[in-house]
file my_file.csv (CSV, C-alpha atoms and all ligand atoms)
chain,number,residue,atom,x,y,z
A,1,MET,CA,87.4,100.0,79.0
A,2,ASN,CA,88.3,103.6,79.4
A,3,ILE,CA,91.5,104.0,81.2
A,4,ILE,CA,91.4,107.7,81.4
A,5,LYS,CA,88.0,107.7,82.9
A,6,ARG,CA,89.1,105.1,85.5
A,7,TYR,CA,92.1,107.2,86.4
A,8,LEU,CA,90.0,110.2,86.9
A,9,GLY,CA,87.7,108.2,89.0
A,10,LEU,CA,90.6,107.1,91.2
A,11,LEU,CA,91.8,110.6,91.5
A,12,PHE,CA,88.3,111.7,92.5
A,13,VAL,CA,88.1,109.2,95.2
A,14,LYS,CA,91.6,110.2,96.4
A,15,LEU,CA,90.7,113.9,96.5
A,16,LEU,CA,87.5,113.1,98.3
A,17,THR,CA,89.3,111.1,100.9
A,18,LEU,CA,92.0,113.7,101.4
A,19,SER,CA,89.5,116.5,101.7
A,20,ILE,CA,87.4,114.7,104.3
A,21,GLY,CA,90.2,113.3,106.3
A,22,THR,CA,91.4,110.1,107.7
A,23,GLY,CA,88.4,108.8,109.5
A,24,ALA,CA,88.7,105.4,108.0
A,25,ILE,CA,91.8,104.0,109.6
A,26,HIS,CA,89.7,101.6,111.5
A,27,ALA,CA,88.4,100.2,108.2
A,28,GLN,CA,91.9,98.7,107.8
A,29,SER,CA,91.3,96.1,110.4
A,30,ILE,CA,89.8,93.4,108.3
A,31,GLY,CA,88.4,89.9,108.1
A,32,GLU,CA,87.7,87.7,105.2
A,33,LYS,CA,85.1,85.3,106.5
A,34,ASN,CA,81.6,85.3,105.2
A,35,VAL,CA,81.8,88.5,103.3
A,36,TYR,CA,81.0,87.3,99.8
A,37,SER,CA,78.1,85.0,99.8
A,38,PRO,CA,74.7,86.3,100.6
A,39,SER,CA,72.8,83.6,102.5
A,40,ASN,CA,69.3,82.6,101.4
A,41,LYS,CA,68.0,84.3,104.4
A,42,LEU,CA,69.4,87.6,103.2
A,43,ILE,CA,67.7,87.2,99.9
A,44,VAL,CA,64.4,86.6,101.5
A,45,ALA,CA,64.9,89.6,103.8
A,46,HIS,CA,65.6,91.8,100.8
A,47,GLN,CA,62.7,90.9,98.6
A,48,ASP,CA,61.0,94.2,99.4
A,49,ALA,CA,64.1,96.3,98.6
A,50,THR,CA,63.3,98.9,96.0
A,51,GLY,CA,64.9,101.8,94.2
A,52,VAL,CA,68.5,102.8,95.0
A,53,ILE,CA,68.7,100.3,97.8
A,54,LYS,CA,67.8,97.5,95.5
A,55,MET,CA,70.3,98.8,92.9
A,56,ARG,CA,73.2,98.8,95.3
A,57,MET,CA,72.3,95.4,96.7
A,58,ASP,CA,72.3,94.1,93.1
A,59,ASN,CA,75.6,96.0,92.5
A,60,MET,CA,77.0,94.2,95.6
A,61,LYS,CA,75.7,90.9,94.5
A,62,SER,CA,77.4,91.3,91.1
A,63,ILE,CA,80.7,92.1,92.9
A,64,GLY,CA,80.2,88.9,94.9
A,65,ALA,CA,79.5,86.9,91.8
A,66,GLU,CA,82.7,88.1,90.1
A,67,ILE,CA,84.9,87.5,93.1
A,68,LYS,CA,83.4,84.0,93.4
A,69,LYS,CA,84.5,83.2,89.8
A,70,ILE,CA,88.0,84.4,90.6
A,71,GLY,CA,88.1,82.4,93.9
A,72,ALA,CA,87.0,79.2,92.0
A,73,MET,CA,90.1,79.6,89.8
A,74,ILE,CA,92.4,80.2,92.7
A,75,ARG,CA,91.1,77.2,94.5
A,76,GLY,CA,91.5,75.1,91.3
A,77,LYS,CA,87.8,74.5,90.9
A,78,ARG,CA,88.0,76.2,87.5
A,79,PRO,CA,91.0,76.3,85.2
A,80,PHE,CA,93.2,79.2,86.0
A,81,ASP,CA,92.9,81.9,83.4
A,82,GLY,CA,94.7,85.1,84.0
A,83,SER,CA,92.8,87.1,81.4
A,84,GLN,CA,89.4,86.0,82.9
A,85,ILE,CA,90.7,87.1,86.3
A,86,ALA,CA,91.6,90.4,84.8
A,87,ALA,CA,88.3,90.9,83.2
A,88,ALA,CA,86.4,89.9,86.3
A,89,SER,CA,88.5,92.3,88.4
A,90,GLU,CA,87.8,95.1,85.9
A,91,ARG,CA,84.1,94.5,86.3
A,92,ILE,CA,84.5,94.8,90.0
A,93,ILE,CA,86.3,98.2,89.5
A,94,GLY,CA,83.4,99.3,87.4
A,95,TYR,CA,80.9,98.4,90.1
A,96,GLY,CA,83.1,100.2,92.6
A,97,TYR,CA,82.8,103.4,90.7
A,98,LYS,CA,79.1,103.2,90.4
A,99,PHE,CA,79.0,102.9,94.1
A,100,LYS,CA,79.2,106.4,95.3
A,101,LYS,CA,76.0,107.4,93.5
A,102,LEU,CA,74.2,104.5,95.1
A,103,PHE,CA,74.3,105.8,98.7
A,104,PRO,CA,72.3,109.0,98.8
A,105,GLU,CA,71.8,110.3,102.3
A,106,GLY,CA,68.8,109.0,104.1
A,107,THR,CA,68.6,105.6,102.4
A,108,GLY,CA,69.8,103.5,105.3
A,109,LYS,CA,66.4,102.3,106.4
A,110,ASP,CA,65.1,98.8,106.5
A,111,PRO,CA,65.6,96.5,104.5
A,112,SER,CA,69.0,98.2,103.8
A,113,GLN,CA,71.9,97.0,105.9
A,114,ALA,CA,73.7,100.2,105.3
A,115,SER,CA,75.0,101.7,108.5
A,116,GLN,CA,74.4,105.3,109.4
A,117,LYS,CA,78.2,105.6,109.7
A,118,ILE,CA,78.3,105.8,105.9
A,119,TRP,CA,76.9,109.3,106.1
A,120,THR,CA,78.6,110.4,109.3
A,121,ASP,CA,81.9,109.2,108.0
A,122,TRP,CA,81.6,109.5,104.2
A,123,GLY,CA,85.4,110.1,103.9
A,124,GLY,CA,86.1,106.8,105.6
A,125,PHE,CA,83.5,105.0,103.5
A,126,THR,CA,85.0,106.3,100.3
A,127,PHE,CA,88.4,105.4,101.5
A,128,ALA,CA,87.2,101.8,102.0
A,129,MET,CA,85.7,101.7,98.6
A,130,ASN,CA,88.9,103.1,97.1
A,131,LYS,CA,90.8,100.3,98.8
A,132,MET,CA,88.6,97.7,97.1
A,133,VAL,CA,89.2,99.4,93.7
A,134,ARG,CA,92.9,99.5,94.3
A,135,ALA,CA,93.1,95.9,95.2
A,136,ALA,CA,91.0,94.9,92.2
A,137,THR,CA,93.3,97.0,90.0
A,138,ILE,CA,96.4,95.1,91.2
A,139,LEU,CA,94.5,91.8,90.8
A,140,ALA,CA,93.6,92.7,87.2
A,141,GLU,CA,97.3,93.6,86.5
A,142,SER,CA,98.6,90.4,88.0
A,143,GLY,CA,96.0,88.3,86.2
A,144,ARG,CA,97.0,89.9,82.9
A,145,ALA,CA,100.6,89.3,83.6
A,146,GLY,CA,99.8,85.7,84.5
A,147,ASN,CA,101.6,86.1,87.8
A,148,VAL,CA,100.0,83.4,89.9
A,149,GLY,CA,101.7,84.3,93.2
A,150,GLN,CA,100.6,87.9,92.9
A,151,VAL,CA,97.1,87.0,91.8
A,152,LYS,CA,96.8,85.0,95.0
A,153,ALA,CA,98.1,87.8,97.2
A,154,SER,CA,96.0,90.5,95.6
A,155,TYR,CA,92.9,88.2,95.7
A,156,ARG,CA,93.4,88.0,99.4
A,157,ALA,CA,93.8,91.8,99.7
A,158,LEU,CA,90.6,92.2,97.6
A,159,GLY,CA,88.7,89.9,100.0
A,160,LYS,CA,89.9,91.8,103.0
A,161,SER,CA,88.8,95.1,101.5
A,162,CYS,CA,85.2,93.7,101.4
A,163,GLY,CA,85.3,92.6,105.0
A,164,GLY,CA,87.0,95.8,106.1
A,165,CYS,CA,84.1,97.9,104.8
A,166,HIS,CA,81.4,95.6,105.8
A,167,ARG,CA,82.6,95.4,109.4
A,168,VAL,CA,82.3,99.1,109.8
A,169,TYR,CA,79.6,100.3,107.4
A,170,ARG,CA,77.2,97.4,107.1
A,171,VAL,CA,75.0,96.3,110.0
A,172,LYS,CA,73.0,93.2,110.3
A,173,LYS,CA,69.5,94.4,111.1
A,174,LYS,CA,66.8,92.3,112.7
A,175,ARG,CA,64.9,90.2,110.3
A,176,ARG,CA,61.2,90.5,110.1
A,177,ARG,CA,60.6,86.8,110.5
B,1,LIG,C1,83.1,100.7,100.9
B,1,LIG,C2,82.3,99.7,101.5
B,1,LIG,C3,82.1,98.3,100.9
B,1,LIG,C4,83.0,97.5,100.2
B,1,LIG,C5,84.4,97.8,99.8
B,1,LIG,C6,82.3,96.3,99.8
B,1,LIG,N1,81.0,96.3,100.3
B,1,LIG,FE1,79.6,94.9,100.1
B,1,LIG,N2,78.2,96.0,101.1
B,1,LIG,C7,78.5,97.3,101.6
B,1,LIG,C8,77.2,97.8,102.2
B,1,LIG,C9,77.1,99.2,102.9
B,1,LIG,C10,76.3,96.8,102.0
B,1,LIG,C11,74.8,96.9,102.5
B,1,LIG,C12,74.0,97.6,101.4
B,1,LIG,C13,72.5,97.8,101.8
B,1,LIG,O1,71.9,96.8,102.3
B,1,LIG,O2,71.9,98.8,101.5
B,1,LIG,C14,76.9,95.7,101.3
B,1,LIG,C15,76.3,94.5,101.0
B,1,LIG,C16,76.9,93.5,100.3
B,1,LIG,C17,76.2,92.2,99.9
B,1,LIG,C18,74.8,91.9,100.2
B,1,LIG,C19,73.9,92.4,99.1
B,1,LIG,C20,72.4,92.2,99.3
B,1,LIG,O3,71.8,91.6,98.5
B,1,LIG,O4,71.9,92.7,100.3
B,1,LIG,C21,77.2,91.4,99.3
B,1,LIG,C22,76.9,90.0,98.7
B,1,LIG,C23,78.4,92.2,99.3
B,1,LIG,N3,78.2,93.4,99.9
B,1,LIG,C24,79.6,91.7,98.7
B,1,LIG,C25,80.8,92.4,98.7
B,1,LIG,C26,82.0,91.9,98.2
B,1,LIG,C27,82.2,90.5,97.6
B,1,LIG,C28,82.9,92.9,98.3
B,1,LIG,C29,84.4,93.0,97.9
B,1,LIG,C30,84.8,92.5,96.6
B,1,LIG,C31,82.3,94.1,98.9
B,1,LIG,N4,81.0,93.7,99.1
B,1,LIG,C32,82.9,95.3,99.2
B,1,LIG,C33,79.7,98.0,101.6
B,1,LIG,C34,80.8,97.5,100.9

call {"tool": "encode", "arguments": {"input": "my_file.csv", "output": "structure tokens", "more": "lines below"}}
Ligand code: HEC
result
Amino acid sequence: MNIIKRYLGLLFVKLLTLSIGTGAIHAQSIGEKNVYSPSNKLIVAHQDATGVIKMRMDNMKSIGAEIKKIGAMIRGKRPFDGSQIAAASERIIGYGYKFKKLFPEGTGKDPSQASQKIWTDWGGFTFAMNKMVRAATILAESGRAGNVGQVKASYRALGKSCGGCHRVYRVKKKRRR
């Protein structure tokens, strides 16, 4: 992986957040429940997603798949392997960076669940994504260090960063059927 690139990416997110302001404080109130797993219903509803909407849904699903792997290790369903946790976290960071390009203005229409708030509060949205990347960075470091306690804590923080954004910037729209 390219550390310099990642650092620049973080810096970019920071600058963007600073320049647009602190509209995202409310994104800090967070919840962990049901943020990861897309239900079957969701998949059915998204069959007709295309283009950039489909790309970001897939991007999100990949993030979900990675965090699931990590969660399985934390819950003892898979053997604990700090280096695998670090690798999965780094993939999440990579998906996080792709993210900004995946939300061009005007792409919040059905079947997307993207809230209009993303575009009226881009600074807050970016802040929320930055939070996810930061949590994943700490998780990667703790995994690599084999620090189980810190892995657990930063895994929780990562999960909260998902819910924190979803709660504000994702809406459940009506299903067609
Ligand atoms: C900065 C905001 C933000 C963060 C952080 C975030 N998400 Fe999302 N997520 C969204 C938005 C917005 C959508 C809806 C996208 C759409 O439908 O166009 C979404 C959709 C999803 C979906 C549904 C994908 C689909 O097929 O429709 C899953 C699964 C998901 N996110 C998982 C996660 C997980 C797991 C994390 C944390 C590790 C996370 N997200 C972090 C904003 C975020």

call {"tool": "residues_near_ligand", "arguments": {"input": "my_file.csv", "ligand": "ligand LIG 1 (chain B)", "cutoff": "8 Å", "atoms": "all atoms listed in the file", "output": "ChimeraX atom specification"}}
result
/A:35-38,42-43,46,53-54,56-68,92,96,103,107-108,111-115,118,125-133,136,158-166,169-171

call {"tool": "atom_distance", "arguments": {"input": "my_file.csv", "atom1": "CA of Gly51 in chain A", "atom2": "CA of Val168 in chain A"}}
result
23.5 Å

call {"tool": "closest_residue", "arguments": {"input": "my_file.csv", "among": "A:Asn147, A:Gln116, A:Asp110, A:Ile93", "to": "Ala135 in chain A", "atoms": "all atoms listed in the file"}}
result
A:Ile93

call {"tool": "closest_residue", "arguments": {"input": "my_file.csv", "among": "A:Trp122, A:Ser83, A:Ile138, A:Arg167", "to": "Ser154 in chain A", "atoms": "only C-alpha atoms"}}
result
A:Ile138

call {"tool": "closest_residue", "arguments": {"input": "my_file.csv", "among": "A:Ala157, A:Val148, A:Ala140, A:Met73", "to": "Ala87 in chain A", "atoms": "all atoms listed in the file"}}
result
A:Ala140

call {"tool": "closest_residue", "arguments": {"input": "my_file.csv", "among": "A:Arg156, A:Gln150, A:Glu141, A:Val52", "to": "Lys98 in chain A", "atoms": "only C-alpha atoms"}}
result
A:Val52
